[in-house]
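Novice: This one is structure25.tsv, TSV, C-alpha atoms and all ligand atoms.
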```tsv
chain	number	residue	atom	x	y	z
P	29	MET	CA	0.00	0.00	0.00
P	30	ARG	CA	1.29	3.46	-0.95
P	31	LEU	CA	1.19	6.02	1.78
P	32	THR	CA	0.56	9.71	1.27
P	33	ARG	CA	2.79	12.11	3.18
P	34	SER	CA	0.12	12.73	5.87
P	35	SER	CA	-0.71	9.06	6.35
P	36	ARG	CA	3.02	8.31	6.57
P	37	HIS	CA	3.26	11.01	9.22
P	38	ARG	CA	0.32	9.51	11.10
P	39	SER	CA	1.82	6.05	10.93
P	40	ARG	CA	5.10	7.44	12.29
P	41	ILE	CA	3.22	9.00	15.22
P	42	ALA	CA	1.41	5.70	15.79
P	43	ALA	CA	4.73	3.81	15.71
P	44	ALA	CA	6.21	6.27	18.19
P	45	ALA	CA	3.19	5.85	20.48
P	46	VAL	CA	3.54	2.08	20.33
P	47	SER	CA	7.26	2.36	21.17
P	48	ILE	CA	6.55	4.63	24.15
P	49	ALA	CA	3.81	2.28	25.38
P	50	ALA	CA	6.17	-0.68	25.01
P	51	LEU	CA	8.91	1.19	26.88
P	52	VAL	CA	6.54	2.11	29.73
P	53	GLY	CA	5.34	-1.50	29.88
P	54	PHE	CA	8.93	-2.74	29.94
P	55	CYS	CA	9.84	-0.33	32.76
P	56	LEU	CA	6.83	-1.50	34.78
P	57	LEU	CA	8.03	-5.06	34.36
P	58	VAL	CA	11.66	-4.52	35.25
P	59	SER	CA	11.92	-1.46	37.45
P	60	PRO	CA	12.00	-2.40	41.13
P	61	SER	CA	11.06	1.15	42.04
P	62	LEU	CA	7.73	0.79	40.25
P	63	ALA	CA	6.96	-2.76	41.41
P	64	HIS	CA	4.48	-3.28	44.24
P	65	GLN	CA	6.12	-3.09	47.64
P	66	LEU	CA	5.11	-2.62	51.23
P	67	ASP	CA	4.99	1.12	51.84
P	68	PRO	CA	7.13	2.16	53.55
P	69	ASN	CA	9.78	-0.48	53.10
P	70	PRO	CA	11.02	-1.11	56.68
P	71	ALA	CA	14.60	-1.24	55.34
P	72	ASN	CA	14.32	2.52	54.84
P	73	ASP	CA	13.64	3.19	58.49
P	74	ARG	CA	16.20	5.76	59.71
P	75	GLU	CA	17.59	3.47	62.37
P	76	LEU	CA	18.17	0.68	59.85
P	77	LEU	CA	19.57	2.98	57.16
P	78	GLY	CA	22.29	3.89	59.63
P	79	ALA	CA	23.03	0.30	60.66
P	80	LYS	CA	25.52	-2.06	59.05
P	81	LEU	CA	24.01	-4.59	56.65
P	82	ASP	CA	24.10	-8.21	57.83
P	83	PRO	CA	26.52	-10.53	56.00
P	84	VAL	CA	25.29	-12.86	53.25
P	85	ARG	CA	24.96	-16.40	54.58
P	86	TYR	CA	23.13	-19.67	54.00
P	87	ASP	CA	22.52	-22.23	56.76
P	88	GLY	CA	21.56	-25.73	55.66
P	89	ALA	CA	19.44	-28.32	57.45
P	90	ASP	CA	20.79	-29.91	60.60
P	91	GLY	CA	18.16	-32.03	62.27
P	92	CYS	CA	14.59	-31.85	63.36
P	93	VAL	CA	13.13	-29.46	65.92
P	94	ARG	CA	9.83	-29.71	67.75
P	95	ARG	CA	9.06	-26.03	68.14
P	96	GLU	CA	9.30	-23.06	65.83
P	97	PRO	CA	12.28	-20.82	66.54
P	98	LYS	CA	11.59	-17.30	67.79
P	99	GLY	CA	12.63	-15.80	64.47
P	100	MET	CA	10.07	-17.86	62.56
P	101	LYS	CA	7.31	-16.77	64.94
P	102	ALA	CA	8.38	-13.16	64.41
P	103	LEU	CA	8.45	-13.59	60.63
P	104	ILE	CA	4.92	-15.01	60.61
P	105	ARG	CA	3.80	-12.14	62.83
P	106	PHE	CA	5.38	-9.71	60.36
P	107	MET	CA	3.58	-11.36	57.43
P	108	LYS	CA	0.22	-11.44	59.19
P	109	ARG	CA	0.36	-7.82	60.28
P	110	ASN	CA	1.55	-6.47	56.96
P	111	THR	CA	-0.39	-8.69	54.57
P	112	ARG	CA	-3.23	-11.12	55.27
P	113	LYS	CA	-3.93	-13.28	58.31
P	114	ASN	CA	-6.11	-15.90	56.69
P	115	VAL	CA	-3.35	-17.62	54.73
P	116	VAL	CA	-1.89	-20.97	55.75
P	117	TYR	CA	1.62	-20.63	57.17
P	118	GLY	CA	3.28	-24.08	57.24
P	119	THR	CA	6.63	-24.53	58.93
P	120	ILE	CA	8.04	-27.66	60.63
P	121	ARG	CA	7.98	-30.90	58.66
P	122	CYS	CA	10.29	-33.67	59.84
P	123	ASP	CA	10.27	-35.89	56.79
P	124	GLY	CA	13.70	-35.31	55.37
P	125	SER	CA	12.53	-32.09	53.72
P	126	GLY	CA	15.63	-30.06	54.47
P	127	VAL	CA	15.37	-26.71	56.17
P	128	HIS	CA	11.69	-27.31	57.04
P	129	GLU	CA	13.00	-29.73	59.66
P	130	THR	CA	14.79	-26.94	61.46
P	131	GLY	CA	11.68	-24.74	61.69
P	132	ARG	CA	13.51	-22.10	59.64
P	133	ALA	CA	11.46	-22.65	56.46
P	134	LEU	CA	7.99	-21.31	55.84
P	135	ASP	CA	5.46	-22.31	53.20
P	136	TRP	CA	3.22	-19.32	52.62
P	137	MET	CA	0.24	-20.68	50.76
P	138	LEU	CA	-0.33	-18.00	48.12
P	139	ASP	CA	-1.14	-19.51	44.73
P	140	ALA	CA	0.51	-17.70	41.82
P	141	ARG	CA	-2.38	-18.79	39.58
P	142	ILE	CA	-4.73	-16.58	41.63
P	143	LYS	CA	-4.15	-12.92	40.77
P	144	ALA	CA	-4.70	-11.46	44.28
P	145	ASP	CA	-2.51	-14.13	45.89
P	146	LYS	CA	0.30	-13.59	43.42
P	147	ARG	CA	0.15	-9.83	43.85
P	148	LEU	CA	0.35	-10.15	47.63
P	149	ALA	CA	3.25	-12.59	47.46
P	150	MET	CA	5.14	-10.43	44.98
P	151	THR	CA	4.54	-7.30	47.08
P	152	VAL	CA	6.41	-8.88	50.00
P	153	ILE	CA	9.06	-10.50	47.79
P	154	ASN	CA	9.71	-7.16	46.02
P	155	THR	CA	10.04	-5.50	49.42
P	156	TRP	CA	12.70	-8.03	50.43
P	157	MET	CA	14.53	-7.71	47.12
P	158	ALA	CA	14.51	-3.91	46.83
P	159	ASP	CA	17.51	-1.65	47.28
P	160	ASP	CA	17.29	0.57	50.33
P	161	LYS	CA	17.70	4.34	50.01
P	162	ARG	CA	21.45	3.88	50.22
P	163	GLY	CA	21.38	1.55	47.22
P	164	ARG	CA	22.07	-1.67	49.14
P	165	ALA	CA	20.53	-4.61	47.27
P	166	ASN	CA	18.07	-7.00	48.94
P	167	ALA	CA	18.30	-4.80	52.02
P	168	LEU	CA	15.29	-6.10	53.96
P	169	ALA	CA	16.06	-9.74	53.10
P	170	ARG	CA	19.59	-9.27	54.42
P	171	ARG	CA	18.37	-7.55	57.58
P	172	MET	CA	15.64	-10.12	58.27
P	173	GLY	CA	17.98	-12.98	57.44
P	174	VAL	CA	15.89	-14.33	54.54
P	175	GLN	CA	18.31	-16.76	52.88
P	176	MET	CA	16.12	-18.39	50.23
P	177	ILE	CA	12.87	-17.73	48.38
P	178	ILE	CA	11.28	-20.17	45.93
P	179	TYR	CA	8.21	-19.15	43.90
P	180	ARG	CA	6.84	-19.77	40.39
P	181	CYS	CA	9.56	-22.23	39.33
P	182	ARG	CA	12.29	-19.78	40.29
P	183	TYR	CA	14.50	-19.35	43.33
P	184	TRP	CA	16.66	-16.68	44.87
P	185	GLN	CA	19.38	-17.48	47.37
P	186	ALA	CA	21.15	-14.88	49.52
P	187	GLY	CA	23.93	-13.30	47.50
P	188	ASP	CA	22.35	-14.08	44.11
P	189	ASN	CA	21.95	-11.23	41.69
P	190	GLY	CA	18.37	-12.02	40.63
P	191	TRP	CA	16.33	-15.19	40.13
P	192	ASN	CA	17.37	-18.62	38.88
P	193	PRO	CA	15.26	-21.38	37.33
P	194	TYR	CA	14.15	-23.96	39.92
P	195	SER	CA	15.14	-27.55	39.28
P	196	ASP	CA	11.74	-29.22	39.69
P	197	CYS	CA	8.78	-27.62	37.95
P	198	SER	CA	6.89	-30.88	37.37
P	199	ASN	CA	3.73	-29.83	39.22
P	200	PRO	CA	2.35	-26.74	41.01
P	201	THR	CA	3.59	-27.86	44.45
P	202	ALA	CA	7.05	-29.05	43.40
P	203	GLY	CA	7.50	-25.92	41.28
P	204	HIS	CA	6.34	-23.71	44.16
P	205	ILE	CA	3.55	-22.23	42.07
P	206	ASP	CA	0.88	-22.86	44.72
P	207	HIS	CA	2.98	-21.47	47.58
P	208	VAL	CA	6.02	-19.39	48.44
P	209	HIS	CA	8.90	-21.11	50.26
P	210	ILE	CA	10.90	-18.77	52.50
P	211	GLU	CA	13.92	-19.68	54.62
P	212	LEU	CA	15.65	-17.86	57.46
P	213	THR	CA	19.31	-18.05	58.49
P	214	LYS	CA	20.25	-19.40	61.90
P	215	PRO	CA	20.98	-15.93	63.35
P	216	ALA	CA	17.57	-14.75	62.07
P	217	SER	CA	15.89	-17.72	63.76
P	218	LYS	CA	17.39	-16.44	67.02
P	219	LEU	CA	16.36	-12.83	66.30
P	220	GLU	CA	20.02	-11.87	65.98
P	221	THR	CA	19.97	-9.96	62.67
P	222	SER	CA	19.71	-6.19	62.38
P	223	PHE	CA	15.99	-6.01	61.56
P	224	TRP	CA	14.87	-8.13	64.51
P	225	ARG	CA	17.18	-6.25	66.85
P	226	SER	CA	15.94	-2.82	65.72
P	227	SER	CA	13.01	-0.94	67.17
P	228	VAL	CA	11.08	-1.58	63.91
P	229	GLY	CA	11.62	-5.32	64.26
P	230	ALA	CA	10.82	-5.29	67.97
P	231	GLU	CA	7.16	-4.84	67.07
P	232	TYR	CA	7.17	-8.44	65.87
P	233	THR	CA	9.36	-10.18	68.40
P	234	GLY	CA	7.07	-10.04	71.46
P	235	LYS	CA	4.95	-12.88	72.68
P	236	ALA	CA	1.70	-11.69	71.13
P	237	GLY	CA	-0.80	-14.53	71.22
P	238	ASP	CA	-2.39	-13.83	67.87
P	239	GLY	CA	-2.51	-17.38	66.62
P	240	ASP	CA	0.90	-17.35	64.97
P	241	GLY	CA	2.83	-20.40	64.04
P	242	SER	CA	0.64	-22.95	62.38
P	243	SER	CA	2.56	-26.00	61.25
P	244	GLY	CA	1.60	-28.42	58.61
P	245	GLY	CA	2.73	-30.87	56.02
P	246	ILE	CA	1.92	-28.67	53.08
P	247	GLY	CA	4.11	-27.49	50.30
P	248	ALA	CA	7.66	-28.42	49.48
A	301	ZN	ZN	8.74	-25.26	51.69
```
Any chance you could put this one into structure tokens?
Ligand SMILES: [Zn+2]
Specialist:
Amino acid sequence: MRLTRSSRHRSRIAAAAVSIAALVGFCLLVSPSLAHQLDPNPANDRELLGAKLDPVRYDGADGCVRREPKGMKALIRFMKRNTRKNVVYGTIRCDGSGVHETGRALDWMLDARIKADKRLAMTVINTWMADDKRGRANALARRMGVQMIIYRCRYWQAGDNGWNPYSDCSNPTAGHIDHVHIELTKPASKLETSFWRSSVGAEYTGKAGDGDGSSGGIGA
């Protein structure tokens, strides 16, 4: 089809509009600053901004416990207060399932195939992954001692620069599509990382009897 000068001009404007729309869409997908996060991100609290970031570490499984560590109770309290209470929070499972045995792993039953669940899960994950105002990557994850996250056939381990494909994506549970798997380091399980020691974290480390700490054999 031959284009007149004005229709060529119009098509150029249309092409430019499409490019701008694509660019905006791309930025929304990749820019952590525009992704959903808890507001404010606790990592930007003044006390924490001034505190040294906790070292990167990963603590593997080392036997079965009977009770959830203090840090896991505090993490569940944090999740319930900042997101939704009526979600299943599964922790200890002594069946050879790795870090779950230590009470330092949490299965947060938010199904990525359900839009509202996925959005909620990603809001918290993005908050953990975000830079703080001083540009320190994964600031809240480091401060809370989150050492591993698995969701939607991908995983992130402390120190990784972004997500990696997860080895088993054979079904929604194995691939962590129907739940988020979150692990804490040993110091975090004892409330010994900077977030839990700060006055922001102290809100979650008391002995509030709000039904925290359900355990169950769900997830992976
Ligand atoms: Zn799990």
Novice: Can you pull out every residue with an atom within 10 Å of ligand ZN 301 (chain A)? Use all atoms listed in the file and format it as a PyMOL selection string.
Specialist: chain P and resi 118-121+125-128+132-137+177-179+201-202+204+207-211+245-248
Novice: Excluding same-chain residues fewer than 6 positions from Trp156 (chain P), what lies within 10 Å of it counting all atoms listed in the file, as a PDB file with C-alpha atoms, in the coordinates of the input?
Specialist:
```pdb
ATOM      1  CA  GLN P  65       6.120  -3.090  47.640  1.00  0.00           C
ATOM      2  CA  LEU P  66       5.110  -2.620  51.230  1.00  0.00           C
ATOM      3  CA  ASN P  69       9.780  -0.480  53.100  1.00  0.00           C
ATOM      4  CA  PRO P  70      11.020  -1.110  56.680  1.00  0.00           C
ATOM      5  CA  ALA P  71      14.600  -1.240  55.340  1.00  0.00           C
ATOM      6  CA  MET P 150       5.140 -10.430  44.980  1.00  0.00           C
ATOM      7  CA  ALA P 165      20.530  -4.610  47.270  1.00  0.00           C
ATOM      8  CA  ASN P 166      18.070  -7.000  48.940  1.00  0.00           C
ATOM      9  CA  ALA P 167      18.300  -4.800  52.020  1.00  0.00           C
ATOM     10  CA  LEU P 168      15.290  -6.100  53.960  1.00  0.00           C
ATOM     11  CA  ALA P 169      16.060  -9.740  53.100  1.00  0.00           C
ATOM     12  CA  ARG P 170      19.590  -9.270  54.420  1.00  0.00           C
ATOM     13  CA  ARG P 171      18.370  -7.550  57.580  1.00  0.00           C
ATOM     14  CA  MET P 172      15.640 -10.120  58.270  1.00  0.00           C
ATOM     15  CA  VAL P 174      15.890 -14.330  54.540  1.00  0.00           C
ATOM     16  CA  ILE P 177      12.870 -17.730  48.380  1.00  0.00           C
TER      17      ILE P 177
END
```
Novice: At what distance in Å, to one decimal, does CA of Ile104 (chain P) lie from CA of Val116 (chain P)?
Specialist: 10.3 Å
Novice: List the spatial neighbours of Arg164 (chain P) as a list in words - criterion: any atom at most 12 Å away, all atoms listed in the file, same-chain residues fewer than 6 positions off excluded.
Specialist: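 My reading of the contact set: Ala71, Asn72, Leu76, Leu77, Gly78, Ala79, Lys80, Leu81, Asp82, Trp156, Met157, Ala158, Arg170, Arg171 and Gly187 of chain P.
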Novice: Suppose you want the space between CA of Leu219 (chain P) and CA of Leu103 (chain P); what is it in Å?
Specialist: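 So the two atoms, CA of Leu219 (chain P) and CA of Leu103 (chain P), lie 9.8 Å apart.
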Novice: Go through P:Glu220, P:Glu129, P:Glu231, P:Asp159 and flag the residue nearest Gly91 (chain P), using all atoms listed in the file for the distances.
Specialist: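 Among the listed residues, P:Glu129 lies closest to Gly91 (chain P).
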Novice: Please determine, counting only C-alpha atoms, which residue among P:Asn192, P:Ser227, P:Ala186, P:Ala63 has the shortest atom-to-atom distance to Arg147 (chain P).
Specialist: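 Nearest to Arg147 (chain P): P:Ala63.
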Novice: For each of P:Ala149, P:Val228, P:Met100, P:Ala140, take the minimum atom-to-atom distance to Cys181 (chain P), counting all atoms listed in the file, then give the residue where this is smallest.
Specialist: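 Of the candidates, the smallest distance to Cys181 (chain P) is held by P:Ala140.
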Novice: Just give me the gap between CA of Arg74 (chain P) and CA of Phe223 (chain P) in Å, one decimal is fine.
Specialist: 11.9 Å
